[in-house]
Amino acid sequence: MKITLNWLKEFVDFDLSAEELADRYDLSGTAIESIEYLGKGFERVVVGEVLEVNKHPDADRLQVCEVDIGARRVTIVCGAPNVAVGQRVPVARPGALLPNGMEIGETKIRGVASAGMICSEKELGLAEEAAGIMVLAADAHPGDQVGALLGVDDWLLDLEITPNRPDCMSMIGMARETAALVGTKIRRPEVKLTEHKENIDSVVAVTIEAPDLCPRYSARYVDQVKIGPTPPWIRRRLEAAGIRSLNNVVDITNYVLLETGQPLHAFDYDLLRDGKIIVRRAGVAEKLETIDHVVRELTTDHLVIADGARGVALAGVMGGLESEINDKTTKVLIESANFHAPNIRKTSRSLGLISESSLRFERGVDINGTIYAVERAAQLIAETAGGRVWSGTLDAHPAPRAPENVELRPKRVHAVLGIEPQVDRFTDILTGLELEVETGPKADSPMAVTVPTFRVDLQREIDLIEEIARFYGLNNIEPRVLPSSNPERGLSPEQKFVRSLRDLFIGAGFMEVINYSFISRQELDKLGLPADHIWSQAPLIANPLSEDQALLRTTLLSSLLQTVAHNHNRGQKDLAVFEIGNIFRPAGDVPEQSMRVAGILTGRVRPSAWHEPQGLEADFYDLKGLFELICDKMSLDDCHIEPAEHPALSPGQAAELISGADAVGFFGTVHPQIQENYGLRRPVFAFEADVSRLFQQSTAEPAFHEIPRFPAVDLDLAMIVDDSVGWGSLEHLVRQTGSPLLKRVHLFDVYRGEGVPEGKKSLAFNLSYQAADRTLTDSEVDHIQKRIIKRAAHELGAQLRD
């Protein structure tokens, strides 16, 4: 949304510079994209009065003019055919750098000294073409600044309006914000219509066949209109906002849109058939040529404005070519309607057609603002295009909407913001925003707040508290420690665990990324999972900002794979990234959320060097080592790794982390089909773990253990097991049975061949036993070895290898 200071001051009084106002906006939640001075190039352009015009002595087409510029009289050589004595004209003095880039100096033209230039609108950047010099109003005073006279001595603020604040997409809306910031009231342009005795009902009838998509349709009728150029003051304001001037009638609809936030459309009444306006859904494969000369094929999801024979406009998005205003138009029907925001958003996106109107309708336009806007437009058309406004306003309103009532408790404001209850101050803030407030008999009594329909974002008490915070000033709220149920204060044990986990990954060479919790159906489908898989059951968002953010993610890996693909496409092939964030599961009205940690490893884990020209590529065992590091550093209870299967991972290259009796995470090689879906051509290794379960399985803070003073006993143990038995299962059994004296278990050999039956394998471990208070005896160690062998035979069918 672009606003100019001079236009804003027509609605509200304030004495702030552009920078000071921008700071106020920024502190109240409206971000500033840019600030631009519009009068650049007009600094040395002043009003001049032409006193004499004489033919140039040495050029047939040049004239020598004597011009009064206020402080003195100057001679200027001019080649324009329309210069005449008595005119007030813009004079660029020597040293001026005009908006079109022309630099003005004192010079001689065919032997005659010329001290400046009399300018045309083109040279001042006010028009693309000009037939002669610009002639100013006859009452312009010589020496005055032309920039101020033309209204270009102004500042343009480009504002970033959040999607929940459609009321700020207008000059009146931003004037309301400004008034609340400076403590004044706004004034709206007064609408006074001189109406013709004939009534609009005699020439137009409105029927709404789709009230669910169009809850209100208002219209005014103006005849005896003369299409022509737009008044300069309107044209300049439109162009400052980025809207191209077309003609007086169309420009007025755009002007009122910027002023009120209510989109309008003007029809050439003579091009409408049967004097009818019908608001209906489009027919199957119905075609409509819009004013951009594109024939569009519509569906029954689209809403059209039709006359008695065919569609004449795409509702809320763009008008139709067959009924647009043209040079021959004399009768105008002005539309001011309200449309269903999600439908306009869907229509706009499906047709790839975004307009100033659709941008506002898709955010939500005030249903009770149609009448003021259409009457304001009728007034301006009558004033600038010679129109005659017929009496009466058509207003089809099948779904009236009343203001909402919200209760506000001063004590709740104190609890949330930490500021003392100040009912008078709260009332001033809310009434300054044009909300109605009724206070109770006591200082802490609930306040009854009536929220007007233009504030679609204020629905709950907390919304009103946010408004108080914005205009009380977040910078004026004193920081204080809020009461806590944790007497020790500080971080909770789980928060400390998450911090330690984050530090572990960073220390292991991973880079943290943060992705949105919203994903698209297309992104989820890239994982190629069965419909009944838990990851496929993504909760739907009721009001997504876009189709790309329509679901809540059920795994962090979909977003991480997209991040890796984005980096691969830009030449970053060696990546080790992780994310700690929430995933969601369907659970009634409100989805359940839980914290996960996930990561991706791909490319080289060690770059090329003189002794390793190809570097070292990442593989499955890098993630295995990472999970073993998690077990060790996070002190997970009874932790081991076992082979597993997962639909997102390649068969035979997947494992899971077991702690206690639960699987708390998995890792492995991403399935080739998924890699292809994301356009990844190098092997990708991924992991994901449940942070809450990791925390539950972690033991207390690590305790200090002194360096052992007694020697260890090292023994080898080789056992034959079925090929289907993973070494991790045997290793876990050995470690668990030998605890607490068994300190280290190391697999040093896997053998298949002579001496080992077919379908079996030999796993050889080196075991290290040690006690902190004594030297272990052979009998103690032998007893533990026998227990291990016996349990392995019973549970895994293992036998001791000779």
# chains A, B, ... in the order shown; residues from 1 in each chain; ligands from 1
$ select_by_dssp --residues "range 222-418 of chain A" --states "helix (DSSP H, G or I)" --output "JSON, numbers by chain"
{"A": [232, 233, 234, 235, 236, 237, 238, 239, 240, 248, 249, 250, 251, 252, 253, 254, 255, 256, 257, 258, 259, 260, 269, 270, 271, 321, 322, 323, 341, 342, 343, 344, 345, 346, 347, 348, 349, 350, 351, 356, 357, 358, 359, 360, 361, 367, 368, 369, 370, 371, 372, 373, 374, 375, 376, 377, 378, 379, 380, 381, 382, 383, 384, 385, 410, 411, 412, 413, 414, 415, 416, 417]}
$ select_by_dssp --residues "range 239-450 of chain A" --states "strand (DSSP E or B)" --output "PyMOL selection string"
chain A and resi 264-268+276-281+287-290+295-297+303-306+311-314+318-320+332-338+388-391+394-396+404-408+436-438+447-450
$ residues_around --residues "Val12 in chain A" --least-positions-apart "5" --cutoff "10 Å" --atoms "only C-alpha atoms" --output "PyMOL selection string"
chain A and resi 7+172+174-179+182+184-188
$ write_last_selection --atoms "all heavy atoms" --output "compact mmCIF listing (two decimals), in the first residue's frame"
# COMPACT_ATOMS: atom_id res chain seq x y z
N TRP A 7 -1.74 13.76 0.86
CA TRP A 7 -3.08 13.16 0.79
C TRP A 7 -3.53 12.71 2.16
O TRP A 7 -4.69 12.92 2.56
CB TRP A 7 -3.05 11.98 -0.19
CG TRP A 7 -4.41 11.51 -0.63
CD1 TRP A 7 -5.63 12.03 -0.29
CD2 TRP A 7 -4.68 10.40 -1.48
NE1 TRP A 7 -6.64 11.33 -0.88
CE2 TRP A 7 -6.10 10.32 -1.62
CE3 TRP A 7 -3.88 9.48 -2.15
CZ2 TRP A 7 -6.70 9.34 -2.39
CZ3 TRP A 7 -4.50 8.51 -2.93
CH2 TRP A 7 -5.89 8.44 -3.06
N ILE A 172 -8.11 6.02 4.09
CA ILE A 172 -8.90 6.20 5.31
C ILE A 172 -8.42 5.25 6.39
O ILE A 172 -8.32 5.62 7.57
CB ILE A 172 -10.40 6.01 5.01
CG1 ILE A 172 -10.93 7.20 4.19
CG2 ILE A 172 -11.21 5.84 6.28
CD1 ILE A 172 -12.38 7.07 3.77
N MET A 174 -5.35 4.00 6.79
CA MET A 174 -4.08 4.45 7.34
C MET A 174 -4.25 5.77 8.09
O MET A 174 -3.52 6.05 9.04
CB MET A 174 -3.04 4.60 6.24
CG MET A 174 -2.53 3.27 5.70
SD MET A 174 -2.05 2.07 6.98
CE MET A 174 -0.81 2.99 7.90
N ALA A 175 -5.23 6.58 7.69
CA ALA A 175 -5.53 7.80 8.45
C ALA A 175 -6.03 7.43 9.85
O ALA A 175 -5.71 8.09 10.84
CB ALA A 175 -6.56 8.65 7.72
N ARG A 176 -6.82 6.36 9.92
CA ARG A 176 -7.33 5.91 11.22
C ARG A 176 -6.16 5.46 12.11
O ARG A 176 -6.11 5.79 13.31
CB ARG A 176 -8.31 4.75 10.99
CG ARG A 176 -9.04 4.30 12.24
CD ARG A 176 -9.91 3.09 11.95
NE ARG A 176 -10.93 3.39 10.95
CZ ARG A 176 -11.00 2.83 9.75
NH1 ARG A 176 -10.08 1.97 9.37
NH2 ARG A 176 -11.97 3.14 8.92
N GLU A 177 -5.23 4.71 11.54
CA GLU A 177 -4.04 4.30 12.30
C GLU A 177 -3.25 5.52 12.75
O GLU A 177 -2.78 5.59 13.88
CB GLU A 177 -3.16 3.40 11.43
CG GLU A 177 -3.73 2.04 11.12
CD GLU A 177 -3.51 1.06 12.25
OE1 GLU A 177 -2.36 0.82 12.62
OE2 GLU A 177 -4.51 0.54 12.77
N THR A 178 -3.09 6.49 11.83
CA THR A 178 -2.31 7.68 12.14
C THR A 178 -2.97 8.49 13.24
O THR A 178 -2.30 8.98 14.17
CB THR A 178 -2.15 8.55 10.88
OG1 THR A 178 -1.63 7.75 9.81
CG2 THR A 178 -1.21 9.72 11.13
N ALA A 179 -4.28 8.65 13.17
CA ALA A 179 -5.01 9.41 14.19
C ALA A 179 -4.83 8.77 15.56
O ALA A 179 -4.66 9.47 16.57
CB ALA A 179 -6.49 9.49 13.82
N VAL A 182 -1.29 9.65 16.87
CA VAL A 182 -1.03 11.03 17.29
C VAL A 182 -2.11 11.60 18.20
O VAL A 182 -2.00 12.72 18.67
CB VAL A 182 -0.84 11.95 16.06
CG1 VAL A 182 0.31 11.47 15.20
CG2 VAL A 182 -2.12 12.02 15.23
N THR A 184 -5.54 12.09 17.58
CA THR A 184 -6.55 12.98 16.99
C THR A 184 -7.65 12.13 16.36
O THR A 184 -7.64 10.90 16.46
CB THR A 184 -5.92 13.89 15.93
OG1 THR A 184 -5.35 13.09 14.89
CG2 THR A 184 -4.84 14.76 16.53
N LYS A 185 -8.57 12.78 15.68
CA LYS A 185 -9.67 12.10 15.00
C LYS A 185 -9.50 12.27 13.49
O LYS A 185 -8.91 13.24 13.02
CB LYS A 185 -11.02 12.68 15.42
CG LYS A 185 -11.31 12.55 16.91
CD LYS A 185 -11.51 11.10 17.31
CE LYS A 185 -11.89 10.99 18.79
NZ LYS A 185 -12.09 9.58 19.21
N ILE A 186 -10.05 11.33 12.74
CA ILE A 186 -9.99 11.45 11.29
C ILE A 186 -11.24 12.15 10.78
O ILE A 186 -12.26 12.21 11.46
CB ILE A 186 -9.82 10.08 10.60
CG1 ILE A 186 -11.13 9.27 10.62
CG2 ILE A 186 -8.69 9.28 11.20
CD1 ILE A 186 -11.11 8.09 9.69
N ARG A 187 -11.11 12.70 9.58
CA ARG A 187 -12.28 13.29 8.91
C ARG A 187 -12.38 12.68 7.52
O ARG A 187 -11.41 12.63 6.78
CB ARG A 187 -12.15 14.82 8.83
CG ARG A 187 -10.82 15.33 8.49
CD ARG A 187 -10.72 16.83 8.42
NE ARG A 187 -9.41 17.15 7.86
CZ ARG A 187 -8.31 17.30 8.58
NH1 ARG A 187 -8.36 17.20 9.90
NH2 ARG A 187 -7.17 17.54 7.99
N ARG A 188 -13.55 12.18 7.22
CA ARG A 188 -13.80 11.59 5.91
C ARG A 188 -14.33 12.65 4.95
O ARG A 188 -15.01 13.60 5.38
CB ARG A 188 -14.82 10.46 6.03
CG ARG A 188 -14.30 9.22 6.73
CD ARG A 188 -15.44 8.21 6.92
NE ARG A 188 -14.93 6.97 7.47
CZ ARG A 188 -14.62 6.78 8.75
NH1 ARG A 188 -14.77 7.79 9.60
NH2 ARG A 188 -14.18 5.63 9.19
$ closest_residue --among "A:Pro263, A:Pro452, A:Gly275, A:Pro398" --to "Arg360 in chain A" --atoms "only C-alpha atoms"
A:Pro263
$ closest_residue --among "A:Pro163, A:Gly528, A:Gly79, A:Gly320" --to "His293 in chain A" --atoms "only C-alpha atoms"
A:Gly320
$ residues_around --residues "Leu333 in chain A" --least-positions-apart "2" --cutoff "8 Å" --atoms "only C-alpha atoms" --output "list in words"
Ala219, Arg220, Tyr221, Val222, Ala266, Phe267, Asp268, Tyr269, Lys331 and Glu335 of chain A
$ residues_around --residues "Thr737 in chain A" --least-positions-apart "5" --cutoff "8 Å" --atoms "only C-alpha atoms" --output "PyMOL selection string"
chain A and resi 784+787-788
$ write_last_selection --atoms "N, CA, C and O atoms" --output "PDB file, in the first residue's frame"
ATOM      1  N   ILE A 784      30.752 -64.214  34.039  1.00  0.00           N
ATOM      2  CA  ILE A 784      29.976 -63.299  33.180  1.00  0.00           C
ATOM      3  C   ILE A 784      29.956 -63.809  31.748  1.00  0.00           C
ATOM      4  O   ILE A 784      28.907 -63.773  31.064  1.00  0.00           O
ATOM      5  N   ARG A 787      27.386 -66.480  31.339  1.00  0.00           N
ATOM      6  CA  ARG A 787      26.028 -65.934  31.320  1.00  0.00           C
ATOM      7  C   ARG A 787      25.680 -65.357  29.948  1.00  0.00           C
ATOM      8  O   ARG A 787      24.564 -65.519  29.433  1.00  0.00           O
ATOM      9  N   ILE A 788      26.649 -64.678  29.337  1.00  0.00           N
ATOM     10  CA  ILE A 788      26.426 -64.099  28.010  1.00  0.00           C
ATOM     11  C   ILE A 788      26.164 -65.197  27.001  1.00  0.00           C
ATOM     12  O   ILE A 788      25.213 -65.116  26.184  1.00  0.00           O
TER      13      ILE A 788
END
$ residues_around --residues "range 129-132 of chain A" --least-positions-apart "2" --cutoff "8 Å" --atoms "only C-alpha atoms" --output "PDB file with N, CA, C and O atoms, in the first residue's frame"
ATOM      1  N   ALA A  80       8.434  26.851 -27.906  1.00  0.00           N
ATOM      2  CA  ALA A  80       7.059  26.343 -27.885  1.00  0.00           C
ATOM      3  C   ALA A  80       6.127  27.275 -28.641  1.00  0.00           C
ATOM      4  O   ALA A  80       6.212  28.497 -28.491  1.00  0.00           O
ATOM      5  N   PRO A  81       5.214  26.728 -29.420  1.00  0.00           N
ATOM      6  CA  PRO A  81       4.313  27.593 -30.208  1.00  0.00           C
ATOM      7  C   PRO A  81       3.213  28.246 -29.377  1.00  0.00           C
ATOM      8  O   PRO A  81       2.579  29.202 -29.830  1.00  0.00           O
ATOM      9  N   ASN A  82       2.953  27.722 -28.161  1.00  0.00           N
ATOM     10  CA  ASN A  82       1.801  28.218 -27.408  1.00  0.00           C
ATOM     11  C   ASN A  82       2.164  29.229 -26.331  1.00  0.00           C
ATOM     12  O   ASN A  82       1.317  29.609 -25.528  1.00  0.00           O
ATOM     13  N   VAL A  83       3.415  29.680 -26.275  1.00  0.00           N
ATOM     14  CA  VAL A  83       3.783  30.668 -25.266  1.00  0.00           C
ATOM     15  C   VAL A  83       3.139  32.009 -25.597  1.00  0.00           C
ATOM     16  O   VAL A  83       3.063  32.423 -26.759  1.00  0.00           O
ATOM     17  N   SER A 120       7.719  22.079 -20.318  1.00  0.00           N
ATOM     18  CA  SER A 120       6.491  21.372 -20.676  1.00  0.00           C
ATOM     19  C   SER A 120       6.216  20.307 -19.623  1.00  0.00           C
ATOM     20  O   SER A 120       7.071  20.005 -18.774  1.00  0.00           O
ATOM     21  N   GLU A 121       5.033  19.701 -19.683  1.00  0.00           N
ATOM     22  CA  GLU A 121       4.701  18.620 -18.754  1.00  0.00           C
ATOM     23  C   GLU A 121       5.611  17.414 -18.948  1.00  0.00           C
ATOM     24  O   GLU A 121       5.952  16.726 -17.984  1.00  0.00           O
ATOM     25  N   LYS A 122       6.047  17.177 -20.178  1.00  0.00           N
ATOM     26  CA  LYS A 122       6.932  16.054 -20.444  1.00  0.00           C
ATOM     27  C   LYS A 122       8.279  16.267 -19.768  1.00  0.00           C
ATOM     28  O   LYS A 122       8.838  15.345 -19.160  1.00  0.00           O
ATOM     29  N   ALA A 127       3.948  13.983 -17.896  1.00  0.00           N
ATOM     30  CA  ALA A 127       3.232  13.391 -19.031  1.00  0.00           C
ATOM     31  C   ALA A 127       4.253  12.759 -19.963  1.00  0.00           C
ATOM     32  O   ALA A 127       5.438  13.116 -19.960  1.00  0.00           O
ATOM     33  N   MET A 134       3.848  23.983 -20.461  1.00  0.00           N
ATOM     34  CA  MET A 134       2.764  23.812 -19.498  1.00  0.00           C
ATOM     35  C   MET A 134       2.294  25.194 -19.035  1.00  0.00           C
ATOM     36  O   MET A 134       3.105  26.039 -18.672  1.00  0.00           O
TER      37      MET A 134
END
$ residues_around --residues "Ile429 in chain A" --least-positions-apart "6" --cutoff "7 Å" --atoms "only C-alpha atoms" --output "NGL selection string"
:A and (180 or 468 or 471)
$ write_last_selection --atoms "N, CA, C and O atoms" --output "mmCIF file, in the first residue's frame"
data_model
loop_
_atom_site.group_PDB
_atom_site.id
_atom_site.type_symbol
_atom_site.label_atom_id
_atom_site.label_comp_id
_atom_site.auth_asym_id
_atom_site.auth_seq_id
_atom_site.Cartn_x
_atom_site.Cartn_y
_atom_site.Cartn_z
ATOM 1 N N ALA A 180 -4.873 7.439 15.603
ATOM 2 C CA ALA A 180 -4.680 6.750 16.882
ATOM 3 C C ALA A 180 -3.263 6.942 17.408
ATOM 4 O O ALA A 180 -3.042 7.013 18.619
ATOM 5 N N ILE A 468 -4.165 -2.578 22.158
ATOM 6 C CA ILE A 468 -3.710 -1.715 23.255
ATOM 7 C C ILE A 468 -2.191 -1.690 23.306
ATOM 8 O O ILE A 468 -1.571 -0.633 23.479
ATOM 9 N N PHE A 471 -0.645 0.593 20.488
ATOM 10 C CA PHE A 471 -0.769 2.048 20.608
ATOM 11 C C PHE A 471 -0.371 2.568 21.992
ATOM 12 O O PHE A 471 -0.117 3.759 22.133
#
$ closest_residue --among "A:Arg273, A:Ile367, A:Arg345, A:Glu383" --to "Thr230 in chain A" --atoms "only C-alpha atoms"
A:Glu383
$ closest_residue --among "A:Thr300, A:Thr439, A:Ser34, A:Gln562" --to "Ala22 in chain A" --atoms "only C-alpha atoms"
A:Ser34
$ atom_distance --atom1 "CA of Leu417 in chain A" --atom2 "CA of Leu430 in chain A"
16.0 Å
